[in-house]
Amino acid sequence: MASTVLPATSPATRKAGSAPEKKYKCQFCNRAFSRSEHRSRHERSHTKERPFKCLKCRSTFVRRDLLLRHDRTVHAKDGGAPLQSEPKRRANKTVEPAAAGPSKPPSLAYETARLEQIEENDGLLDAEEAAMLITDFQQKAMTSSQEPESSYGAPESVISPSGPAVLEPAAYAPGAVALPQMPWDSFMSQSSTEPKSHSIASMSGMSGMQDTNMQYSNGPIGQQNLNQLPPIMERQTSGSDSLIPAFQSLTNSIPHSTGMQTPGALSPYPSMLGPVSPVDYRRSPGPSQALTMARAPQVESEEQCNRILENISRADSQIDLLDTFRLPSMAVLNRYLSTYFNLFHHHLPFLHPASFDPSEVAAPLLLAVLSIGALYTFEQDQAYMLHIGSKVLVNQFLQNKENFSSRKCPLWTMQSTLLNMTFASWSGDAKGLEWACSIKSLLANMVAGNRYELKLRTEAREGAQPSHKEWIEDEGCRRTYYAVYIFFGLLTLTYNHTPAISFNELDSLELPSSETLWNLEATDDDLWRESLAASTLISFRGAHDSLFQGEPARYSAFATRVMINALFLEVWYHKRSPEALQDVVTEYKLRLALETWEKSLQICEPETIVVQLSAPHKGHPLIFNAMAMYRNTRARLMVDLKCVQEALRYHDSYEVAGAMASVRDKVHRSQEMLKVIEECVACIEVAAEQGIRWVARTSATNWSVEHPLCGMDLMVILTLWLYRLEHDEETTSEEETAMYNRLRRLFDEDSVDVYGSKLSSTVARLWGSMIDEVVVWGITKLMGEAFKLHSQALVGYEDTMSSRSGSPTPSLSTQHVPMLELQTAY
């Protein structure tokens, strides 16, 4: 029952210097307070109520000042004005007119407080404040010159000037797949104006079709509704043109760079995606070169669309696609090509963008490219249609080829099969993975036969330097072999599948060249030959031997990714050797090779290619991906979660979570284990330092699928180690305490709701919700659900222990670990 409120006394009746009268008593412990808000705040410590909710995420707080601090620190990268303090909020409420009428739009109302603060700042403005004043002036001018189209209620749930529905709490409900979060419609005209898709059956009428209402824009996108933009993307206005910075790459509105006057923290487009671009803009080998940006291939005319249809019809000799397949319109084709080459290609760059002509390339390869491009636009129906079409055409080609030989298979068959297997393996569908595994040997045979033909061509030149066209052909072959090698390595890492390509298959093959040389235009033959002569040429065997001898090797970013894949497979073979426990020498050599590989990053060939992807690593995205593989490989030397990998094959989240629980005994506490935990913490620090919410919304389209795949084992190890640390009766060491506190500091009450839960469960729940919030590859959804179940299981272990002992869940002793308690006394 609430306490009785005594009559208030006037300040004049109190004696000077006397303490305020405590007349508000807690209904739980009878403690008295001088103010009702103090009592209410205290009672929340009994009820565990957290009434102050962040409208930008799902965090809740016991005090409003904690909410304000959370908004300033966690959501600073999201853009927009910060939340108002309580006095300022009350002052704004009194200023609002009482007369009925249409209220201000959310974007104006939200920034009113900030504008008032600027006006009180003695006229000293920075660039951001000046831009805000100009925007406010323009908005007021627009609202005064015309009647609003609709009346805004400005509900409290609208918290951003970008006003998206994706920020509402319902969007983050457990189990919801947030697929359509990217504003693709804002790039295109409304669907009602989109022309009909091209059909093979109606090819004869294609010449009369016009696509004037929906051309894929190569310029800025103007007159867009600000409320359609997601909160993670800033708005950048120049005159009347409004761009969407997060996906500028999709519009191809930025011409090829001819040099940057200012590095701008390594990124020529610092406002594009927030954090620093992952491109290291240093001088590449050879002559001085300006920064360039590879342009995504595009379909330029309806004539090319007709040629694409003819290519598909010619490849479909058995007419299997006639009734079911529809080629998307030209604008949609260009959108898919842009997303493939701007978002996926940089993680596995085996295609040559400059020579990739959509109207000339083999139809199965084009459809495979388009299918992955459609995935990145969250159009799954189109993606699966294109994927199945590519599989059908490749299958027809192989079945109809007389005297089949892997030596006679053109390169496009290998590239198409690789992309189709990539699509199927990470789709989150067990049937797709089964199909991909069924043709692993076919793809491996293609690599062997094609590599032998490359060897014969190279020997026929007798040491003469190839022409640029010949080099592009040979380099494309080498890159495709290594892309297959990397893909098979990921299958081994994720599903514990035996590698289909051995080390000997690539023994004498040269490693891939730098991305700068690969994307160099052939306009100046002398420049190209000079760059080729200055580039580092090293074979796969040579780099491998150097790493195991402790000598750092110089090679390209793509080669860096290849070599860590080789070291991972060496570790995989070693851990499955019957003599692995006694073979100390081999393990020492593997650790030496891994340390040497890490040192080789410092002398990696730099790039001048601008990659418009955001990642926290300075260097090409391939290096960022290689670091994820490196951390997983270091952990595999100590802990190998074989049963978790095998459970993933069958795509049942409950089975995967059960496998996570079954490996508790593999994770123990020791000095050696601390080195593994170091890699695990480094993995989650990458996301925490960027901002958990930001990573959850953008990493699906910016980071490779390798990051959640490589992080799977690391997070399982980390959560089980934390659980053991929190529940073992053994005293924690100083190193363990320091590691626990290092991780604990990443998750304060302002960013993650850990009140009343253990850090082990919190990390599992956080990782699961982060990797499955925005889904491009379905495998991340499966992993996210498994981690959420794993988090619940960790809490279940605590409940079971509590019921057995009849006492509260044991936690780390405060006399040994004074800072390990998760609950904070306010």
# chains A, B, ... in the order shown; residues from 1 in each chain; ligands from 1
$ residues_around --residues "A:Asn504" --least-positions-apart "3" --cutoff "10 Å" --atoms "only C-alpha atoms" --output "PyMOL selection string"
chain A and resi 501+507-509+540-541
$ write_last_selection --atoms "all heavy atoms" --output "compact mmCIF listing (two decimals), in the first residue's frame"
# COMPACT_ATOMS: atom_id res chain seq x y z
N ILE A 501 39.31 -29.91 -52.57
CA ILE A 501 40.52 -29.56 -53.32
C ILE A 501 41.69 -29.63 -52.35
O ILE A 501 41.66 -28.99 -51.29
CB ILE A 501 40.42 -28.15 -53.93
CG1 ILE A 501 39.34 -28.11 -55.00
CG2 ILE A 501 41.75 -27.73 -54.55
CD1 ILE A 501 39.21 -26.77 -55.69
N ASP A 507 49.52 -26.29 -56.21
CA ASP A 507 50.91 -26.20 -55.77
C ASP A 507 51.71 -25.12 -56.48
O ASP A 507 52.19 -24.16 -55.87
CB ASP A 507 51.56 -27.57 -55.95
CG ASP A 507 52.92 -27.66 -55.29
OD1 ASP A 507 53.31 -26.68 -54.64
OD2 ASP A 507 53.58 -28.70 -55.42
N SER A 508 51.86 -25.22 -57.79
CA SER A 508 52.73 -24.31 -58.54
C SER A 508 52.00 -23.11 -59.12
O SER A 508 52.60 -22.31 -59.85
CB SER A 508 53.41 -25.08 -59.68
OG SER A 508 52.43 -25.64 -60.56
N LEU A 509 50.73 -22.96 -58.82
CA LEU A 509 49.93 -21.88 -59.39
C LEU A 509 50.30 -20.54 -58.75
O LEU A 509 50.51 -20.45 -57.54
CB LEU A 509 48.45 -22.17 -59.15
CG LEU A 509 47.44 -21.38 -59.99
CD1 LEU A 509 47.55 -21.77 -61.45
CD2 LEU A 509 46.03 -21.64 -59.48
N PHE A 540 51.73 -20.31 -54.99
CA PHE A 540 51.05 -20.79 -53.80
C PHE A 540 52.02 -21.58 -52.92
O PHE A 540 52.05 -21.40 -51.70
CB PHE A 540 49.87 -21.67 -54.24
CG PHE A 540 49.04 -22.20 -53.11
CD1 PHE A 540 48.27 -21.36 -52.33
CD2 PHE A 540 49.03 -23.56 -52.83
CE1 PHE A 540 47.49 -21.84 -51.29
CE2 PHE A 540 48.26 -24.07 -51.79
CZ PHE A 540 47.49 -23.21 -51.01
N ARG A 541 52.84 -22.42 -53.52
CA ARG A 541 53.82 -23.19 -52.77
C ARG A 541 54.87 -22.29 -52.12
O ARG A 541 55.25 -22.47 -50.96
CB ARG A 541 54.49 -24.20 -53.70
CG ARG A 541 55.79 -24.78 -53.20
CD ARG A 541 55.60 -25.72 -52.02
NE ARG A 541 55.04 -26.98 -52.42
CZ ARG A 541 54.87 -28.01 -51.59
NH1 ARG A 541 55.18 -27.88 -50.31
NH2 ARG A 541 54.35 -29.14 -52.02
$ atom_distance --atom1 "atom CA of A:Val62" --atom2 "atom CA of A:Ile692"
21.3 Å
$ closest_residue --among "A:Arg478, A:Arg649, A:His497, A:His668" --to "A:Ser539" --atoms "only C-alpha atoms"
A:Arg478
$ residues_around --residues "A:Phe341" --least-positions-apart "5" --cutoff "8 Å" --atoms "only C-alpha atoms" --output "count of residues only"
4
$ residues_around --residues "A:Ala661" --least-positions-apart "5" --cutoff "9 Å" --atoms "only C-alpha atoms" --output "count of residues only"
5
$ residues_around --residues "stretch 557-563 of chain A" --least-positions-apart "3" --cutoff "6 Å" --atoms "only C-alpha atoms" --output "ChimeraX atom specification"
/A:511-512,566,622-623,626
$ atom_distance --atom1 "atom CA of A:Tyr573" --atom2 "atom CA of A:Leu637"
10.9 Å
